[in-house]
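Student: To start, I am sharing the structure in question, which I have written as structure tokens.
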Amino acid sequence: MKVGDLIQLQEGTRNHWGLPTGIALLAEKLPRNDAIEYDWKVYVDGQTIELGRQLEQSSEVLSEQG
């Protein structure tokens, strides 16, 4: 996954954040100072939220950027 990809978040993530569609645009990789390395800033359902990189294993890519 890379910045600009459009993804479908899993149901648990949608429910936790109260997101009606869960269709998200990956906006930016946010560096971390631990073994996880980075989080994602995503635009989803009119909100900007930060999610852990585990979304890469649990989300479906709907449209890849370039």
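Scheme for the structure tokens: letters A, B, ... for chains in order shown; per-chain residue numbers from 1; ligand numbers from 1 in order shown.
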List the spatial neighbours of range 35-47 of chain A as a PDB file with C-alpha atoms, in the first residue's frame - criterion: any atom at most 12 Å away, only C-alpha atoms, same-chain residues fewer than 6 positions off excluded.
Tutor:
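And here is the file that came out, out-v4.pdb:
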```
ATOM      1  CA  MET A   1       0.000   0.000   0.000  1.00  0.00           C
ATOM      2  CA  LYS A   2       1.140   3.508  -0.729  1.00  0.00           C
ATOM      3  CA  VAL A   3       0.063   7.116  -0.421  1.00  0.00           C
ATOM      4  CA  GLY A   4      -2.844   7.791  -2.769  1.00  0.00           C
ATOM      5  CA  ASP A   5      -4.339   4.285  -2.643  1.00  0.00           C
ATOM      6  CA  LEU A   6      -8.076   4.022  -1.995  1.00  0.00           C
ATOM      7  CA  ILE A   7      -8.911   1.262   0.473  1.00  0.00           C
ATOM      8  CA  GLN A   8     -11.896  -0.360   2.186  1.00  0.00           C
ATOM      9  CA  LEU A   9     -11.384  -0.551   5.950  1.00  0.00           C
ATOM     10  CA  THR A  13     -12.411  -0.394  12.240  1.00  0.00           C
ATOM     11  CA  ARG A  14     -15.524   1.151  10.673  1.00  0.00           C
ATOM     12  CA  TRP A  17     -14.737   4.991  14.466  1.00  0.00           C
ATOM     13  CA  GLY A  18     -18.437   5.193  13.455  1.00  0.00           C
ATOM     14  CA  LEU A  19     -17.599   5.345   9.747  1.00  0.00           C
ATOM     15  CA  PRO A  20     -20.548   4.748   7.429  1.00  0.00           C
ATOM     16  CA  THR A  21     -18.579   3.646   4.344  1.00  0.00           C
ATOM     17  CA  GLY A  22     -15.043   2.964   5.540  1.00  0.00           C
ATOM     18  CA  ILE A  23     -13.660   3.919   2.146  1.00  0.00           C
ATOM     19  CA  ALA A  24     -10.378   5.667   2.905  1.00  0.00           C
ATOM     20  CA  LEU A  25      -7.643   7.487   1.021  1.00  0.00           C
ATOM     21  CA  LEU A  26      -4.120   6.837   2.313  1.00  0.00           C
ATOM     22  CA  ALA A  27      -2.802  10.370   2.780  1.00  0.00           C
ATOM     23  CA  GLU A  28       0.551  10.105   4.554  1.00  0.00           C
ATOM     24  CA  LYS A  29       2.899   7.674   6.290  1.00  0.00           C
ATOM     25  CA  ARG A  53      -0.029   0.005   9.795  1.00  0.00           C
ATOM     26  CA  GLN A  54      -1.882  -3.230  10.581  1.00  0.00           C
ATOM     27  CA  LEU A  55      -4.575  -1.828   8.278  1.00  0.00           C
ATOM     28  CA  GLU A  56      -2.298  -3.073   5.484  1.00  0.00           C
TER      29      GLU A  56
END
```
Student: So how far away is CA of Leu51 in chain A from CA of Asp34 in chain A, in Å?
Tutor: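 It comes out at 15.3 Å.
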Student: Could you state the separation of CA of Glu60 in chain A and CA of Gln10 in chain A in Å, given to one decimal place?
Tutor: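 We find that CA of Glu60 in chain A and CA of Gln10 in chain A lie 8.0 Å from each other.
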Student: May I have all residues of chain A that DSSP, computed from the backbone, assigns to strand (DSSP E), given as an MDAnalysis selection string?
Tutor: chainID A and resid 6:8 23:31 38:44 47:52 60:63
Student: Calculate how many Å separate CA of Arg32 in chain A from CA of Glu50 in chain A, rounding to one decimal.
Tutor: 12.2 Å
